[in-house]
Amino acid sequence: MSNLTPLVCICIPTYNAEKTIAATIRSVLSQTYQNILVHVVDNNSSDGTAAVVESFPDERITLFRNAVNAGAEGNFNRCIALAKGKYTAIYHADDIYEPEMVATQVAFLEQHPQAGAVFTEALLINEHDLLIGEIRQPKNLAAGGPLHYFPEVLKAILEHSNFLICPSVMALTSVYQEDIKSWRGELFGSSADLDVWLRMLQRGPVGILPQATMRYRISRSQWSANARVDTGRAAFFSVVDHYLAQPDVRSLLTAHDLKNYQRLERRDQVMRAVNALLQDQPEQAAALCPDIFSMSALKAAWQTRRGMAVLALGLYLKMMLSLRCHRLAKASLIHMKRMTNK
């Protein structure tokens, strides 16, 4: 292959994905960009994942099998160590990748050599492949040009939470292996990917393509088993707090940026309180609600539609807790979650 088609290494860390990985691999092999290697890194699966992978005769696929389960972040680290070629993408074993995705990202990186990575937007699908939503970058970023830098992306994250999609990124292999080196799961748990993206941004600019080039799967059972019932502070905040504690980062931010972050924290508190009540923990729910109606919270709520929704939910929750109508509140919240798919 010529320099116009640099080698791309597509890594697929996997664990017990026999039901979905075939569709993922088919979407990878259907890419219009053909100069790829596919590294499937199996994390000691107990199902038939390896057999499914081995059923594909394509010589570009290599299956690596961990002797012991290394954990999710450990498996990502092995993907980085095994990567080859100029560019590396780390895909999920249950998502679908559109045929032009790799070609589009390679073209962007070749045209913008100062960029260390490029992200895309995504459509959301459920376990039945039905479209259930989308993840888009904030409009002000999309309107801001092809390259994005650490300050503007951090400010957008403080306002909108994390919109950078893990399996959408393609990065220089050298950035992964020389600058990033590892996912810091021991510090940031399930949000270790956000830390990786912020470290990439501290190194230099990235691209965020304003188009959905993949279908990101959200499993209802997995979602409800984790985020939907979580009563602990989201791992996202530990990442952001880590960066806000750095004086050079803090100096980039305005009072408005920090107020945006406070809005995210209040929303997280309300949702944790809802989950606590759903788990018959009214005392914990009440403990999470003390400042929902502070003056700053009320002023912030009026500025966005989402803020108003959080305020209304918090008002309802606090009223029901005060009246000790725990059973009625739980039943109504279950109904609301079903109706809104939250």
# chains A, B, ... in the order shown; residues from 1 in each chain; ligands from 1

call {"tool": "residues_around", "arguments": {"residues": "Tyr33 (chain A)", "least_positions_apart": "2", "cutoff": "7 Å", "atoms": "only C-alpha atoms", "output": "VMD selection string"}}
result
chain A and resid 31 35 102 to 103

call {"tool": "write_last_selection", "arguments": {"atoms": "N, CA and C atoms", "output": "short mmCIF file (atom, residue, chain, number, x, y, z; two decimals), in the first residue's frame"}}
result
data_model
loop_
_atom_site.label_atom_id
_atom_site.label_comp_id
_atom_site.auth_asym_id
_atom_site.auth_seq_id
_atom_site.Cartn_x
_atom_site.Cartn_y
_atom_site.Cartn_z
N GLN A 31 -15.52 -2.25 5.63
CA GLN A 31 -15.02 -0.89 5.45
C GLN A 31 -14.51 -0.69 4.02
N ASN A 35 -6.81 -1.18 3.98
CA ASN A 35 -5.49 -1.43 4.58
C ASN A 35 -5.60 -1.41 6.10
N VAL A 102 -13.74 4.37 8.63
CA VAL A 102 -12.28 4.38 8.67
C VAL A 102 -11.72 5.31 7.59
N ALA A 103 -12.26 5.23 6.39
CA ALA A 103 -11.78 6.08 5.30
C ALA A 103 -11.94 7.56 5.63
#

call {"tool": "residues_around", "arguments": {"residues": "Glu134 (chain A)", "least_positions_apart": "2", "cutoff": "12 Å", "atoms": "only C-alpha atoms", "output": "PyMOL selection string"}}
result
chain A and resi 120-126+130-132+136-137+163+165+211-218

call {"tool": "select_by_dssp", "arguments": {"residues": "region 1-216 of chain A", "states": "strand (DSSP E or B)", "output": "PDB file with N, CA and C atoms, in the first residue's frame"}}
result
ATOM      1  N   VAL A   8      -3.971   0.916   9.268  1.00  0.00           N
ATOM      2  CA  VAL A   8      -4.814   1.198  10.439  1.00  0.00           C
ATOM      3  C   VAL A   8      -5.009  -0.093  11.218  1.00  0.00           C
ATOM      4  N   CYS A   9      -4.767  -0.035  12.522  1.00  0.00           N
ATOM      5  CA  CYS A   9      -4.987  -1.184  13.401  1.00  0.00           C
ATOM      6  C   CYS A   9      -6.302  -0.981  14.152  1.00  0.00           C
ATOM      7  N   ILE A  10      -7.249  -1.866  13.907  1.00  0.00           N
ATOM      8  CA  ILE A  10      -8.535  -1.815  14.608  1.00  0.00           C
ATOM      9  C   ILE A  10      -8.511  -2.867  15.705  1.00  0.00           C
ATOM     10  N   CYS A  11      -8.517  -2.411  16.941  1.00  0.00           N
ATOM     11  CA  CYS A  11      -8.491  -3.306  18.100  1.00  0.00           C
ATOM     12  C   CYS A  11      -9.914  -3.479  18.628  1.00  0.00           C
ATOM     13  N   ILE A  12     -10.270  -4.707  18.947  1.00  0.00           N
ATOM     14  CA  ILE A  12     -11.599  -4.979  19.508  1.00  0.00           C
ATOM     15  C   ILE A  12     -11.422  -5.747  20.817  1.00  0.00           C
ATOM     16  N   PRO A  13     -11.354  -5.050  21.952  1.00  0.00           N
ATOM     17  CA  PRO A  13     -11.320  -5.757  23.236  1.00  0.00           C
ATOM     18  C   PRO A  13     -12.674  -6.404  23.481  1.00  0.00           C
ATOM     19  N   THR A  14     -12.669  -7.642  23.934  1.00  0.00           N
ATOM     20  CA  THR A  14     -13.951  -8.339  24.048  1.00  0.00           C
ATOM     21  C   THR A  14     -13.978  -9.264  25.250  1.00  0.00           C
ATOM     22  N   ILE A  36      -6.197  -2.470   6.624  1.00  0.00           N
ATOM     23  CA  ILE A  36      -6.441  -2.569   8.062  1.00  0.00           C
ATOM     24  C   ILE A  36      -5.939  -3.901   8.607  1.00  0.00           C
ATOM     25  N   LEU A  37      -5.582  -3.871   9.877  1.00  0.00           N
ATOM     26  CA  LEU A  37      -5.401  -5.072  10.684  1.00  0.00           C
ATOM     27  C   LEU A  37      -6.493  -5.069  11.735  1.00  0.00           C
ATOM     28  N   VAL A  38      -6.991  -6.245  12.084  1.00  0.00           N
ATOM     29  CA  VAL A  38      -8.027  -6.358  13.111  1.00  0.00           C
ATOM     30  C   VAL A  38      -7.487  -7.225  14.234  1.00  0.00           C
ATOM     31  N   HIS A  39      -7.269  -6.619  15.395  1.00  0.00           N
ATOM     32  CA  HIS A  39      -6.797  -7.332  16.578  1.00  0.00           C
ATOM     33  C   HIS A  39      -7.968  -7.525  17.538  1.00  0.00           C
ATOM     34  N   VAL A  40      -8.454  -8.742  17.657  1.00  0.00           N
ATOM     35  CA  VAL A  40      -9.483  -9.052  18.643  1.00  0.00           C
ATOM     36  C   VAL A  40      -8.770  -9.549  19.894  1.00  0.00           C
ATOM     37  N   VAL A  41      -8.928  -8.818  20.995  1.00  0.00           N
ATOM     38  CA  VAL A  41      -8.223  -9.144  22.237  1.00  0.00           C
ATOM     39  C   VAL A  41      -9.253  -9.661  23.231  1.00  0.00           C
ATOM     40  N   ASP A  42      -9.303 -10.979  23.359  1.00  0.00           N
ATOM     41  CA  ASP A  42     -10.329 -11.623  24.185  1.00  0.00           C
ATOM     42  C   ASP A  42      -9.866 -11.717  25.633  1.00  0.00           C
ATOM     43  N   ILE A  61      -7.410 -10.625  10.328  1.00  0.00           N
ATOM     44  CA  ILE A  61      -7.865 -10.774  11.718  1.00  0.00           C
ATOM     45  C   ILE A  61      -6.876 -11.627  12.503  1.00  0.00           C
ATOM     46  N   THR A  62      -6.491 -11.134  13.686  1.00  0.00           N
ATOM     47  CA  THR A  62      -5.686 -11.917  14.627  1.00  0.00           C
ATOM     48  C   THR A  62      -6.409 -11.946  15.964  1.00  0.00           C
ATOM     49  N   LEU A  63      -6.568 -13.134  16.523  1.00  0.00           N
ATOM     50  CA  LEU A  63      -7.198 -13.290  17.836  1.00  0.00           C
ATOM     51  C   LEU A  63      -6.120 -13.442  18.897  1.00  0.00           C
ATOM     52  N   PHE A  64      -6.142 -12.563  19.884  1.00  0.00           N
ATOM     53  CA  PHE A  64      -5.258 -12.644  21.045  1.00  0.00           C
ATOM     54  C   PHE A  64      -6.120 -13.028  22.241  1.00  0.00           C
ATOM     55  N   ARG A  65      -5.680 -14.021  23.001  1.00  0.00           N
ATOM     56  CA  ARG A  65      -6.484 -14.514  24.123  1.00  0.00           C
ATOM     57  C   ARG A  65      -5.715 -14.333  25.428  1.00  0.00           C
ATOM     58  N   TYR A  87      -2.163   4.421  12.454  1.00  0.00           N
ATOM     59  CA  TYR A  87      -3.340   4.823  13.224  1.00  0.00           C
ATOM     60  C   TYR A  87      -3.942   3.623  13.940  1.00  0.00           C
ATOM     61  N   THR A  88      -4.565   3.898  15.086  1.00  0.00           N
ATOM     62  CA  THR A  88      -5.219   2.851  15.874  1.00  0.00           C
ATOM     63  C   THR A  88      -6.612   3.308  16.277  1.00  0.00           C
ATOM     64  N   ALA A  89      -7.564   2.398  16.153  1.00  0.00           N
ATOM     65  CA  ALA A  89      -8.925   2.610  16.657  1.00  0.00           C
ATOM     66  C   ALA A  89      -9.260   1.456  17.583  1.00  0.00           C
ATOM     67  N   ILE A  90      -9.906   1.751  18.703  1.00  0.00           N
ATOM     68  CA  ILE A  90     -10.316   0.709  19.650  1.00  0.00           C
ATOM     69  C   ILE A  90     -11.836   0.656  19.637  1.00  0.00           C
ATOM     70  N   ILE A  96     -21.783  -1.242  15.701  1.00  0.00           N
ATOM     71  CA  ILE A  96     -21.759  -1.393  14.251  1.00  0.00           C
ATOM     72  C   ILE A  96     -21.091  -0.152  13.654  1.00  0.00           C
ATOM     73  N   TYR A  97     -20.165  -0.377  12.731  1.00  0.00           N
ATOM     74  CA  TYR A  97     -19.369   0.706  12.158  1.00  0.00           C
ATOM     75  C   TYR A  97     -19.704   0.872  10.674  1.00  0.00           C
ATOM     76  N   ALA A 117      -5.832  12.878  17.131  1.00  0.00           N
ATOM     77  CA  ALA A 117      -6.944  11.926  17.082  1.00  0.00           C
ATOM     78  C   ALA A 117      -8.140  12.597  16.429  1.00  0.00           C
ATOM     79  N   VAL A 118      -9.108  11.775  16.044  1.00  0.00           N
ATOM     80  CA  VAL A 118     -10.357  12.303  15.504  1.00  0.00           C
ATOM     81  C   VAL A 118     -11.514  11.463  16.019  1.00  0.00           C
ATOM     82  N   PHE A 119     -12.563  12.130  16.485  1.00  0.00           N
ATOM     83  CA  PHE A 119     -13.782  11.500  16.992  1.00  0.00           C
ATOM     84  C   PHE A 119     -14.899  11.680  15.968  1.00  0.00           C
ATOM     85  N   THR A 120     -15.978  10.941  16.155  1.00  0.00           N
ATOM     86  CA  THR A 120     -17.181  11.157  15.356  1.00  0.00           C
ATOM     87  C   THR A 120     -18.391  11.181  16.286  1.00  0.00           C
ATOM     88  N   GLU A 121     -19.534  11.478  15.713  1.00  0.00           N
ATOM     89  CA  GLU A 121     -20.798  11.358  16.435  1.00  0.00           C
ATOM     90  C   GLU A 121     -21.337   9.942  16.237  1.00  0.00           C
ATOM     91  N   ALA A 122     -22.468   9.622  16.869  1.00  0.00           N
ATOM     92  CA  ALA A 122     -22.983   8.249  16.794  1.00  0.00           C
ATOM     93  C   ALA A 122     -24.496   8.217  16.919  1.00  0.00           C
ATOM     94  N   LEU A 123     -25.090   7.233  16.282  1.00  0.00           N
ATOM     95  CA  LEU A 123     -26.477   6.870  16.531  1.00  0.00           C
ATOM     96  C   LEU A 123     -26.504   5.827  17.634  1.00  0.00           C
ATOM     97  N   LEU A 124     -27.574   5.807  18.423  1.00  0.00           N
ATOM     98  CA  LEU A 124     -27.726   4.838  19.504  1.00  0.00           C
ATOM     99  C   LEU A 124     -28.716   3.760  19.084  1.00  0.00           C
ATOM    100  N   ILE A 125     -28.352   2.509  19.309  1.00  0.00           N
ATOM    101  CA  ILE A 125     -29.251   1.393  19.017  1.00  0.00           C
ATOM    102  C   ILE A 125     -29.404   0.537  20.266  1.00  0.00           C
ATOM    103  N   LEU A 131     -33.086   1.970  16.391  1.00  0.00           N
ATOM    104  CA  LEU A 131     -32.562   3.289  16.715  1.00  0.00           C
ATOM    105  C   LEU A 131     -33.306   3.872  17.914  1.00  0.00           C
ATOM    106  N   ILE A 132     -32.559   4.303  18.949  1.00  0.00           N
ATOM    107  CA  ILE A 132     -33.181   4.843  20.158  1.00  0.00           C
ATOM    108  C   ILE A 132     -32.677   6.242  20.506  1.00  0.00           C
ATOM    109  N   GLY A 133     -31.760   6.787  19.725  1.00  0.00           N
ATOM    110  CA  GLY A 133     -31.253   8.115  20.034  1.00  0.00           C
ATOM    111  C   GLY A 133     -29.977   8.410  19.275  1.00  0.00           C
ATOM    112  N   GLU A 134     -29.282   9.426  19.729  1.00  0.00           N
ATOM    113  CA  GLU A 134     -28.037   9.812  19.082  1.00  0.00           C
ATOM    114  C   GLU A 134     -27.169  10.573  20.065  1.00  0.00           C
ATOM    115  N   ILE A 135     -25.872  10.627  19.776  1.00  0.00           N
ATOM    116  CA  ILE A 135     -24.931  11.444  20.537  1.00  0.00           C
ATOM    117  C   ILE A 135     -24.296  12.418  19.558  1.00  0.00           C
ATOM    118  N   LEU A 147     -10.537  21.675  13.853  1.00  0.00           N
ATOM    119  CA  LEU A 147      -9.672  21.288  14.967  1.00  0.00           C
ATOM    120  C   LEU A 147     -10.161  21.911  16.271  1.00  0.00           C
ATOM    121  N   HIS A 148     -10.054  21.132  17.337  1.00  0.00           N
ATOM    122  CA  HIS A 148     -10.517  21.585  18.650  1.00  0.00           C
ATOM    123  C   HIS A 148      -9.405  21.380  19.675  1.00  0.00           C
ATOM    124  N   MET A 170     -10.245   7.528  16.413  1.00  0.00           N
ATOM    125  CA  MET A 170      -9.053   6.995  15.766  1.00  0.00           C
ATOM    126  C   MET A 170      -7.910   7.927  16.129  1.00  0.00           C
ATOM    127  N   ALA A 171      -6.799   7.359  16.585  1.00  0.00           N
ATOM    128  CA  ALA A 171      -5.668   8.167  17.024  1.00  0.00           C
ATOM    129  C   ALA A 171      -4.389   7.682  16.364  1.00  0.00           C
ATOM    130  N   LEU A 172      -3.403   8.543  16.353  1.00  0.00           N
ATOM    131  CA  LEU A 172      -2.074   8.103  15.960  1.00  0.00           C
ATOM    132  C   LEU A 172      -1.631   6.996  16.912  1.00  0.00           C
ATOM    133  N   VAL A 206      -7.553  17.909  18.459  1.00  0.00           N
ATOM    134  CA  VAL A 206      -8.216  16.725  17.904  1.00  0.00           C
ATOM    135  C   VAL A 206      -9.316  17.201  16.963  1.00  0.00           C
ATOM    136  N   GLY A 207      -9.798  16.281  16.146  1.00  0.00           N
ATOM    137  CA  GLY A 207     -10.957  16.564  15.322  1.00  0.00           C
ATOM    138  C   GLY A 207     -12.194  15.905  15.898  1.00  0.00           C
ATOM    139  N   ILE A 208     -13.346  16.502  15.664  1.00  0.00           N
ATOM    140  CA  ILE A 208     -14.636  15.892  16.019  1.00  0.00           C
ATOM    141  C   ILE A 208     -15.530  16.044  14.794  1.00  0.00           C
ATOM    142  N   LEU A 209     -15.712  14.965  14.062  1.00  0.00           N
ATOM    143  CA  LEU A 209     -16.469  15.039  12.816  1.00  0.00           C
ATOM    144  C   LEU A 209     -17.963  15.173  13.103  1.00  0.00           C
ATOM    145  N   PRO A 210     -18.641  16.100  12.445  1.00  0.00           N
ATOM    146  CA  PRO A 210     -20.073  16.317  12.698  1.00  0.00           C
ATOM    147  C   PRO A 210     -20.952  15.352  11.922  1.00  0.00           C
ATOM    148  N   GLN A 211     -20.661  14.070  12.043  1.00  0.00           N
ATOM    149  CA  GLN A 211     -21.461  13.060  11.365  1.00  0.00           C
ATOM    150  C   GLN A 211     -21.403  11.757  12.153  1.00  0.00           C
ATOM    151  N   ALA A 212     -22.501  11.023  12.124  1.00  0.00           N
ATOM    152  CA  ALA A 212     -22.583   9.747  12.837  1.00  0.00           C
ATOM    153  C   ALA A 212     -22.049   8.652  11.924  1.00  0.00           C
ATOM    154  N   THR A 213     -20.894   8.106  12.264  1.00  0.00           N
ATOM    155  CA  THR A 213     -20.275   7.071  11.440  1.00  0.00           C
ATOM    156  C   THR A 213     -20.337   5.695  12.103  1.00  0.00           C
ATOM    157  N   MET A 214     -21.083   5.602  13.192  1.00  0.00           N
ATOM    158  CA  MET A 214     -21.202   4.320  13.885  1.00  0.00           C
ATOM    159  C   MET A 214     -22.547   4.247  14.590  1.00  0.00           C
ATOM    160  N   ARG A 215     -22.916   3.015  14.953  1.00  0.00           N
ATOM    161  CA  ARG A 215     -24.114   2.770  15.747  1.00  0.00           C
ATOM    162  C   ARG A 215     -23.674   2.172  17.077  1.00  0.00           C
ATOM    163  N   TYR A 216     -23.860   2.959  18.120  1.00  0.00           N
ATOM    164  CA  TYR A 216     -23.387   2.633  19.472  1.00  0.00           C
ATOM    165  C   TYR A 216     -24.510   1.929  20.220  1.00  0.00           C
TER     166      TYR A 216
END

call {"tool": "residues_around", "arguments": {"residues": "Leu328 (chain A)", "least_positions_apart": "2", "cutoff": "12 Å", "atoms": "only C-alpha atoms", "output": "MDAnalysis selection string"}}
result
chainID A and resid 277:278 280 316:317 319:321 323:326 330:335

call {"tool": "write_last_selection", "arguments": {"atoms": "C-alpha atoms", "output": "PDB file, in the first residue's frame"}}
result
ATOM      1  CA  LEU A 277     -35.610   6.028  46.677  1.00  0.00           C
ATOM      2  CA  LEU A 278     -36.198   3.314  44.076  1.00  0.00           C
ATOM      3  CA  ASP A 280     -35.961   1.833  49.344  1.00  0.00           C
ATOM      4  CA  TYR A 316     -41.389  16.411  43.454  1.00  0.00           C
ATOM      5  CA  LEU A 317     -38.820  14.216  45.172  1.00  0.00           C
ATOM      6  CA  MET A 319     -42.123  16.987  48.573  1.00  0.00           C
ATOM      7  CA  MET A 320     -42.748  13.232  48.590  1.00  0.00           C
ATOM      8  CA  LEU A 321     -39.883  12.657  51.014  1.00  0.00           C
ATOM      9  CA  LEU A 323     -44.688  13.791  53.275  1.00  0.00           C
ATOM     10  CA  ARG A 324     -43.143  10.323  53.769  1.00  0.00           C
ATOM     11  CA  CYS A 325     -45.035   9.065  50.721  1.00  0.00           C
ATOM     12  CA  HIS A 326     -42.190   6.725  49.843  1.00  0.00           C
ATOM     13  CA  LYS A 330     -41.353   4.968  44.158  1.00  0.00           C
ATOM     14  CA  ALA A 331     -44.265   3.765  42.027  1.00  0.00           C
ATOM     15  CA  SER A 332     -44.547   7.078  40.191  1.00  0.00           C
ATOM     16  CA  LEU A 333     -40.791   7.283  39.596  1.00  0.00           C
ATOM     17  CA  ILE A 334     -40.731   3.757  38.172  1.00  0.00           C
ATOM     18  CA  HIS A 335     -43.525   4.779  35.813  1.00  0.00           C
TER      19      HIS A 335
END

call {"tool": "closest_residue", "arguments": {"among": "A:Gln111, A:Phe236, A:Pro99, A:Arg327", "to": "Leu194 (chain A)", "atoms": "only C-alpha atoms"}}
result
A:Phe236

call {"tool": "atom_distance", "arguments": {"atom1": "CA of Asp94 (chain A)", "atom2": "CA of Thr20 (chain A)"}}
result
5.0 Å

call {"tool": "closest_residue", "arguments": {"among": "A:Leu82, A:Tyr15, A:Pro146, A:Ile25", "to": "Val68 (chain A)", "atoms": "only C-alpha atoms"}}
result
A:Tyr15

call {"tool": "select_by_dssp", "arguments": {"residues": "region 19-226 of chain A", "states": "alpha helix (DSSP H)", "output": "PyMOL selection string"}}
result
chain A and resi 21-29+49-54+71-82+101-111+139-142+150-160+173-174+185-188+192-203+220-225

call {"tool": "atom_distance", "arguments": {"atom1": "CA of Glu73 (chain A)", "atom2": "CA of Ala192 (chain A)"}}
result
7.8 Å

call {"tool": "atom_distance", "arguments": {"atom1": "CA of Tyr176 (chain A)", "atom2": "CA of Val28 (chain A)"}}
result
20.7 Å
